[in-house]
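To be precise, the following lines are start_2.txt, and they hold compact mmCIF, C-alpha atoms.
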```txt
# COMPACT_ATOMS: atom_id res chain seq x y z
CA MET A 58 15.89 55.00 145.50
CA ARG A 59 13.56 54.52 142.55
CA ILE A 60 14.74 54.65 138.94
CA HIS A 61 12.45 55.55 136.04
CA HIS A 62 13.33 54.83 132.40
CA ILE A 63 11.76 57.67 130.40
CA ASN A 64 11.69 58.79 126.78
CA CYS A 65 12.40 62.52 126.47
CA GLY A 66 12.14 62.84 122.71
CA SER A 67 10.80 60.59 119.99
CA MET A 68 12.48 60.96 116.60
CA ARG A 69 12.65 59.41 113.13
CA ALA A 70 11.51 55.77 113.04
CA ILE A 71 14.10 53.04 112.60
CA GLU A 72 13.76 49.37 111.69
CA ASP A 73 15.17 46.33 113.43
CA GLU A 74 16.45 43.16 111.75
CA ALA A 75 12.94 41.70 111.60
CA GLY A 76 11.62 44.72 109.75
CA SER A 77 9.55 46.13 112.61
CA SER A 78 9.70 49.90 113.00
CA LEU A 79 9.76 52.11 116.10
CA PRO A 80 10.59 55.77 116.65
CA ALA A 81 14.09 56.40 117.95
CA VAL A 82 14.00 57.70 121.53
CA CYS A 83 15.95 59.87 123.96
CA HIS A 84 16.31 57.36 126.78
CA CYS A 85 16.87 59.21 130.06
CA LEU A 86 16.84 58.13 133.70
CA LEU A 87 14.86 59.93 136.38
CA ILE A 88 16.10 58.85 139.79
CA GLU A 89 14.25 59.51 143.04
CA THR A 90 16.72 59.53 145.94
CA GLU A 91 16.33 60.05 149.67
CA ALA A 92 19.28 62.40 150.17
CA ASP A 93 19.88 64.02 146.78
CA GLY A 94 16.40 64.88 145.55
CA LEU A 95 15.75 63.99 141.93
CA VAL A 96 18.64 63.12 139.63
CA LEU A 97 18.36 63.11 135.84
CA VAL A 98 20.72 61.19 133.60
CA ASP A 99 20.58 63.12 130.31
CA THR A 100 17.64 65.43 129.57
CA GLY A 101 16.57 64.78 125.98
CA LEU A 102 14.72 67.66 124.32
CA GLY A 103 13.25 70.42 126.45
CA THR A 104 10.15 72.62 126.57
CA ALA A 105 11.88 75.45 124.67
CA ASP A 106 12.76 72.99 121.89
CA VAL A 107 9.10 72.06 121.61
CA ALA A 108 7.90 75.68 121.71
CA ASP A 109 10.44 77.18 119.31
CA PRO A 110 12.58 74.53 117.59
CA GLN A 111 13.84 76.96 114.95
CA ARG A 112 15.54 78.97 117.70
CA THR A 113 16.98 76.24 119.90
CA LEU A 114 17.56 73.36 117.47
CA SER A 115 19.66 73.35 114.32
CA GLN A 116 17.94 72.95 110.97
CA GLU A 117 20.29 70.07 110.18
CA PHE A 118 19.20 68.23 113.32
CA ILE A 119 15.50 68.80 112.61
CA GLY A 120 15.87 67.44 109.08
CA ARG A 121 18.05 64.51 110.11
CA ALA A 122 16.27 63.41 113.30
CA GLN A 123 12.69 64.53 112.53
CA PRO A 124 11.86 65.06 116.23
CA VAL A 125 8.23 64.66 117.19
CA LEU A 126 8.44 67.54 119.72
CA GLU A 127 5.68 66.59 122.14
CA LEU A 128 5.48 68.57 125.39
CA GLU A 129 4.41 65.41 127.24
CA GLU A 130 7.74 63.80 126.41
CA THR A 131 9.90 66.50 128.02
CA ALA A 132 11.61 65.62 131.28
CA LEU A 133 9.94 68.58 133.00
CA HIS A 134 6.46 67.33 132.09
CA GLN A 135 7.31 63.84 133.33
CA VAL A 136 8.81 65.18 136.56
CA LYS A 137 5.58 67.08 137.21
CA ALA A 138 3.51 64.00 136.34
CA LEU A 139 5.18 62.27 139.28
CA GLY A 140 4.13 65.09 141.59
CA TYR A 141 7.42 67.01 141.69
CA ASP A 142 8.52 70.48 140.61
CA ALA A 143 11.50 71.58 138.53
CA GLY A 144 13.34 72.64 141.68
CA ASP A 145 13.23 69.07 142.97
CA VAL A 146 15.74 68.09 140.25
CA ARG A 147 18.97 68.88 142.07
CA HIS A 148 21.46 67.04 139.86
CA ILE A 149 21.76 66.29 136.14
CA VAL A 150 24.44 63.83 135.01
CA LEU A 151 25.20 64.06 131.30
CA THR A 152 26.71 61.57 128.93
CA HIS A 153 27.58 64.53 126.68
CA LEU A 154 26.21 67.86 125.49
CA ASP A 155 24.77 66.97 122.09
CA ILE A 156 21.59 68.77 121.11
CA ASP A 157 19.29 65.83 121.95
CA HIS A 158 20.87 65.19 125.35
CA SER A 159 21.06 68.74 126.73
CA GLY A 160 17.79 70.28 125.54
CA GLY A 161 16.13 69.94 128.94
CA LEU A 162 18.83 71.83 130.86
CA PRO A 163 16.99 75.20 130.83
CA ASP A 164 13.95 73.53 132.39
CA PHE A 165 15.97 72.86 135.56
CA PRO A 166 17.98 76.06 136.10
CA ASP A 167 18.94 75.29 139.70
CA ALA A 168 20.33 71.81 139.07
CA ARG A 169 24.04 71.03 139.29
CA ILE A 170 25.28 69.70 135.93
CA HIS A 171 27.84 66.88 136.10
CA VAL A 172 29.86 66.33 132.91
CA LEU A 173 33.41 65.61 131.82
CA ASP A 174 35.56 68.73 131.52
CA ALA A 175 36.61 68.05 127.92
CA GLU A 176 32.97 67.90 126.84
CA GLN A 177 31.96 71.11 128.58
CA ARG A 178 34.97 73.05 127.26
CA THR A 179 34.41 71.88 123.69
CA ALA A 180 30.68 72.65 123.76
CA LEU A 181 31.10 76.12 125.25
CA ALA A 182 33.96 77.00 122.90
CA GLY A 183 31.48 77.57 120.11
CA THR A 184 31.86 76.15 116.64
CA GLY A 185 34.82 73.97 117.56
CA SER A 186 37.06 72.05 115.21
CA HIS A 187 34.70 69.27 114.14
CA PRO A 188 32.25 69.95 111.27
CA GLU A 189 29.38 68.60 113.38
CA ASP A 190 29.99 70.97 116.28
CA ARG A 191 27.70 73.65 114.85
CA VAL A 192 24.93 71.04 114.63
CA ARG A 193 25.42 69.23 117.91
CA TYR A 194 26.18 72.05 120.37
CA ARG A 195 23.41 74.61 120.92
CA PRO A 196 24.24 77.66 123.11
CA ALA A 197 20.53 78.18 123.82
CA HIS A 198 20.66 75.06 125.98
CA TRP A 199 23.09 76.66 128.44
CA ALA A 200 22.33 80.36 128.00
CA HIS A 201 20.90 80.33 131.55
CA GLN A 202 24.46 79.77 132.83
CA PRO A 203 23.94 76.49 134.68
CA LEU A 204 25.95 75.38 137.68
CA TRP A 205 28.61 73.24 136.02
CA GLN A 206 30.46 70.54 137.91
CA THR A 207 33.16 69.23 135.59
CA TYR A 208 35.53 66.30 135.99
CA THR A 209 38.87 65.28 134.52
CA PRO A 210 39.39 61.49 134.42
CA THR A 211 42.31 60.31 136.50
CA VAL A 212 43.74 56.87 137.15
CA GLY A 213 41.94 55.44 140.15
CA GLU A 214 39.26 52.96 141.11
CA SER A 215 38.04 50.93 138.14
CA TRP A 216 34.50 49.80 137.40
CA PHE A 217 34.37 46.32 135.81
CA GLY A 218 37.72 47.17 134.20
CA PHE A 219 36.68 50.65 133.02
CA ASP A 220 38.08 53.95 134.28
CA THR A 221 35.61 55.76 136.48
CA VAL A 222 34.93 59.17 137.97
CA ARG A 223 33.26 58.92 141.36
CA PRO A 224 32.02 60.05 143.76
CA LEU A 225 30.29 62.93 142.01
CA GLU A 226 30.36 66.22 143.89
CA GLY A 227 27.38 66.65 146.20
CA LEU A 228 25.85 63.27 145.31
CA ASN A 229 25.43 60.48 147.82
CA ALA A 230 23.83 58.08 145.34
CA ASP A 231 26.17 55.53 143.78
CA ILE A 232 26.45 57.14 140.34
CA ALA A 233 29.65 57.29 138.29
CA LEU A 234 30.90 58.76 135.04
CA ILE A 235 32.59 56.11 132.87
CA PRO A 236 34.67 57.85 130.14
CA LEU A 237 33.78 56.36 126.73
CA GLY A 238 35.21 58.67 124.10
CA GLY A 239 34.97 58.61 120.34
CA HIS A 240 31.55 60.11 119.71
CA THR A 241 32.46 63.51 121.17
CA ALA A 242 35.53 64.98 122.84
CA GLY A 243 34.33 64.22 126.36
CA HIS A 244 31.68 61.56 125.94
CA SER A 245 30.96 59.42 128.98
CA ALA A 246 28.68 56.62 130.03
CA VAL A 247 26.85 56.91 133.35
CA ALA A 248 26.72 53.98 135.76
CA VAL A 249 23.94 53.83 138.35
CA ARG A 250 23.67 51.17 141.03
CA ALA A 251 20.14 49.79 141.19
CA ALA A 252 18.84 47.31 143.76
CA ASP A 253 20.07 44.11 142.13
CA ARG A 254 22.36 45.26 139.31
CA TRP A 255 24.14 48.19 137.75
CA LEU A 256 22.64 50.24 134.93
CA LEU A 257 25.07 51.59 132.34
CA HIS A 258 23.63 54.42 130.26
CA CYS A 259 26.05 54.51 127.32
CA GLY A 260 24.71 57.68 125.71
CA ASP A 261 25.86 57.64 122.09
CA ALA A 262 28.82 55.29 122.59
CA TYR A 263 26.77 53.02 120.30
CA TYR A 264 23.34 53.41 118.68
CA PHE A 265 21.80 49.97 118.13
CA HIS A 266 21.67 46.93 120.40
CA THR A 267 23.17 44.47 117.92
CA GLU A 268 26.43 46.43 117.92
CA ILE A 269 27.26 45.10 121.39
CA ASP A 270 26.00 41.55 120.89
CA PRO A 271 28.96 39.58 122.27
CA ASP A 272 28.31 36.55 120.05
CA ARG A 273 27.35 38.10 116.70
CA PRO A 274 28.01 41.85 116.64
CA ARG A 275 26.54 43.66 113.66
CA GLY A 276 25.69 47.22 112.83
CA HIS A 277 22.59 48.96 111.57
CA PRO A 278 22.85 50.45 108.06
CA GLY A 279 21.23 53.79 108.80
CA MET A 280 22.56 54.20 112.31
CA ASP A 281 26.09 53.27 111.25
CA ILE A 282 26.15 56.13 108.75
CA LEU A 283 24.98 58.59 111.41
CA GLN A 284 27.63 57.41 113.86
CA GLN A 285 30.34 57.89 111.27
CA ILE A 286 29.13 61.41 110.48
CA THR A 287 29.17 62.46 114.13
CA GLU A 288 32.25 60.65 115.47
CA VAL A 289 35.42 62.52 116.45
CA ASP A 290 37.65 59.45 116.93
CA ARG A 291 36.67 56.27 115.07
CA PRO A 292 39.37 53.94 116.46
CA LEU A 293 38.46 54.93 120.01
CA ARG A 294 34.74 54.56 119.34
CA MET A 295 35.18 51.09 117.85
CA ALA A 296 37.50 50.04 120.66
CA ASN A 297 34.81 51.01 123.14
CA HIS A 298 32.30 48.88 121.22
CA ALA A 299 34.61 45.91 121.79
CA ARG A 300 34.97 46.74 125.47
CA LEU A 301 31.20 46.96 125.89
CA ARG A 302 30.73 43.61 124.18
CA GLU A 303 33.21 42.09 126.62
CA LEU A 304 31.36 43.71 129.52
CA VAL A 305 28.09 42.14 128.34
CA ARG A 306 29.80 38.79 127.82
CA LEU A 307 31.41 38.65 131.25
CA HIS A 308 29.01 40.66 133.40
CA GLY A 309 25.68 40.76 131.59
CA ASP A 310 23.96 39.42 134.69
CA GLU A 311 25.39 42.23 136.81
CA VAL A 312 25.15 45.19 134.42
CA ALA A 313 22.27 46.26 132.16
CA VAL A 314 23.89 48.07 129.22
CA PHE A 315 21.84 50.40 127.01
CA ALA A 316 22.25 53.33 124.63
CA ALA A 317 20.34 56.58 124.35
CA HIS A 318 18.35 56.13 121.16
CA ASP A 319 17.48 52.43 120.84
CA PRO A 320 13.70 51.99 121.40
CA TRP A 321 13.96 48.23 121.83
CA GLU A 322 16.35 48.64 124.75
CA LEU A 323 14.01 51.18 126.34
CA ALA A 324 11.07 48.81 125.91
CA ARG A 325 13.05 45.97 127.48
CA LEU A 326 14.11 48.01 130.51
CA ALA A 327 10.93 49.98 131.08
CA GLY A 328 8.55 47.13 130.25
CA ALA A 329 4.98 47.87 129.29
CA SER A 330 4.88 51.10 131.31
CA MET A 331 6.94 53.55 129.32
CA ALA A 332 7.08 57.34 129.29
CA GLY A 333 4.35 59.40 127.68
CA GLY A 334 4.49 59.57 123.91
CA SER A 335 7.02 56.79 123.82
CA THR A 336 7.10 53.75 121.61
CA ALA A 337 4.56 51.93 123.77
CA GLY A 338 2.15 54.86 123.79
CA ALA A 339 1.67 54.68 127.57
CA SER A 340 1.90 57.63 129.94
CA THR A 341 3.54 56.18 133.05
CA PRO A 342 7.35 55.91 133.28
CA GLY A 343 8.71 52.43 133.68
CA ALA A 344 10.55 52.20 137.00
CA GLU A 345 12.73 49.85 138.94
CA PRO A 346 13.89 49.96 142.56
CA GLY A 347 17.32 51.34 143.30
CA SER A 348 19.80 50.38 145.94
```
Show how you would write the structure in this file as structure tokens.
Amino acid sequence: MRIHHINCGSMRAIEDEAGSSLPAVCHCLLIETEADGLVLVDTGLGTADVADPQRTLSQEFIGRAQPVLELEETALHQVKALGYDAGDVRHIVLTHLDIDHSGGLPDFPDARIHVLDAEQRTALAGTGSHPEDRVRYRPAHWAHQPLWQTYTPTVGESWFGFDTVRPLEGLNADIALIPLGGHTAGHSAVAVRAADRWLLHCGDAYYFHTEIDPDRPRGHPGMDILQQITEVDRPLRMANHARLRELVRLHGDEVAVFAAHDPWELARLAGASMAGGSTAGASTPGAEPGS
């Protein structure tokens, strides 16, 4: 198994504590497996978003995120750059269905979509009860009627003290959904076992790496405001921040924790070889061996 860290959508630039600036990213995983074909963790923005953003993306999102919308950054383009076709992506595991995580779904119409049931039901219900629902959930991203595989968390095997949903239907690879609510109704992290450690893709459970610093946690002024605008349960979201800090403190050598939009985390995990159009400006996805 080989795991690629790819950027599937550059957005508005953000600054770190030192004042350096990088575009926010849509950090996705592209996993090459022996038995399951290709597996995507999140999809970022898709080819239809690039071609006709006024149709598939909300005006509020475009103004807020300022997406770059480069075809080379789409997951489909990067899959093809590795010599594969769209049909080779057999599974997509989603942290949630926000606009910048689900945009690539139509590019892989035959893939099975793994997501928590609460998230799928809320997204497909339409406007929903939260003011942000009309911004975050875009019916164009699932108008092709994808093959949904939904899960309801139950008490069972834990993962480093977290509830877990695994195995995932039809997947042999060691990949698990880790429910981490607060940002959306059915938000989840995705754990993937690599060769020498676990990867924990936290989606939008947090936005900036200093939030989960176990020794000196601190927020990011701009990103904190965005998180508060989009959250559905602040106490739960903040409680999960604390749990993630404890995970890093106790198991940082066993688990690499990262969020969806932090470019510094993507640079750290992908190294100098990052996805096309990404913050490093290279065209080859950064990869690491899997288990």
Task: Residue among A:Arg223, A:His308, A:Arg169, A:His266 lying closest to Ala248 of chain A, counting all atoms listed in the file - done: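 Checking each candidate against Ala248 of chain A, we get A:Arg223 as the closest.
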Could the residues of segment 59-122 of chain A that have an atom at most 12 Å from segment 232-247 of chain A be listed as CSV, each with its closest atom pair and the distance in Å to one decimal, counting only C-alpha atoms and ordered by chain and ascending residue number?
```
residue,atom,partner,partner_atom,distance
A:Cys85,CA,A:Val247,CA,10.8
A:Leu86,CA,A:Val247,CA,10.1
A:Ile88,CA,A:Ile232,CA,10.5
A:Thr90,CA,A:Ile232,CA,11.5
A:Asp93,CA,A:Ile232,CA,11.5
A:Val96,CA,A:Ile232,CA,9.9
A:Leu97,CA,A:Val247,CA,10.8
A:Val98,CA,A:Val247,CA,7.5
A:Asp99,CA,A:Val247,CA,9.3
```
Polymer residues at most 12 Å from segment 75-77 of chain A, all atoms listed in the file, same-chain spacing of 3 or more positions, as an mmCIF file with C-alpha atoms, in the coordinates of the input:
```
data_model
loop_
_atom_site.group_PDB
_atom_site.id
_atom_site.type_symbol
_atom_site.label_atom_id
_atom_site.label_comp_id
_atom_site.auth_asym_id
_atom_site.auth_seq_id
_atom_site.Cartn_x
_atom_site.Cartn_y
_atom_site.Cartn_z
ATOM 1 C CA ALA A 70 11.510 55.770 113.040
ATOM 2 C CA ILE A 71 14.100 53.040 112.600
ATOM 3 C CA GLU A 72 13.760 49.370 111.690
ATOM 4 C CA PRO A 80 10.590 55.770 116.650
ATOM 5 C CA HIS A 277 22.590 48.960 111.570
ATOM 6 C CA PRO A 320 13.700 51.990 121.400
ATOM 7 C CA TRP A 321 13.960 48.230 121.830
#
```
Contacts of segment 143-148 of chain A within 9 Å, only C-alpha atoms, excl. fewer than 3 positions in-chain, as an mmCIF file with C-alpha atoms, keeping the file's coordinate frame:
```cif
data_model
loop_
_atom_site.group_PDB
_atom_site.id
_atom_site.type_symbol
_atom_site.label_atom_id
_atom_site.label_comp_id
_atom_site.auth_asym_id
_atom_site.auth_seq_id
_atom_site.Cartn_x
_atom_site.Cartn_y
_atom_site.Cartn_z
ATOM 1 C CA ASP A 93 19.880 64.020 146.780
ATOM 2 C CA GLY A 94 16.400 64.880 145.550
ATOM 3 C CA LEU A 95 15.750 63.990 141.930
ATOM 4 C CA VAL A 96 18.640 63.120 139.630
ATOM 5 C CA LEU A 97 18.360 63.110 135.840
ATOM 6 C CA VAL A 98 20.720 61.190 133.600
ATOM 7 C CA LEU A 133 9.940 68.580 133.000
ATOM 8 C CA VAL A 136 8.810 65.180 136.560
ATOM 9 C CA LYS A 137 5.580 67.080 137.210
ATOM 10 C CA ASP A 164 13.950 73.530 132.390
ATOM 11 C CA PHE A 165 15.970 72.860 135.560
ATOM 12 C CA PRO A 166 17.980 76.060 136.100
ATOM 13 C CA ASP A 167 18.940 75.290 139.700
ATOM 14 C CA ALA A 168 20.330 71.810 139.070
ATOM 15 C CA ARG A 169 24.040 71.030 139.290
ATOM 16 C CA ILE A 170 25.280 69.700 135.930
ATOM 17 C CA HIS A 171 27.840 66.880 136.100
ATOM 18 C CA GLY A 227 27.380 66.650 146.200
ATOM 19 C CA LEU A 228 25.850 63.270 145.310
#
```
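Going from atom CA of Arg112 of chain A over to atom CA of Gly161 of chain A, you cover 14.4 Å.
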Task: From A:Leu307, A:Met58, A:Leu79, A:Val107, residue lying nearest Gly218 of chain A [all atoms listed in the file] - done: A:Leu307
Open item on the list: I'd like to know which of A:Ala317, A:Leu102, A:Ala327, A:Leu301 is closest to Glu130 of chain A, using all atoms listed in the file.
Closed with: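 Nearest to Glu130 of chain A: A:Leu102.
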TODO: Find the residue from A:Ser215, A:Thr287, A:Thr221, A:Ser67 that sits nearest to Val125 of chain A; use only C-alpha atoms when measuring.
DONE: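 Closest residue, counting only C-alpha atoms: A:Ser67.
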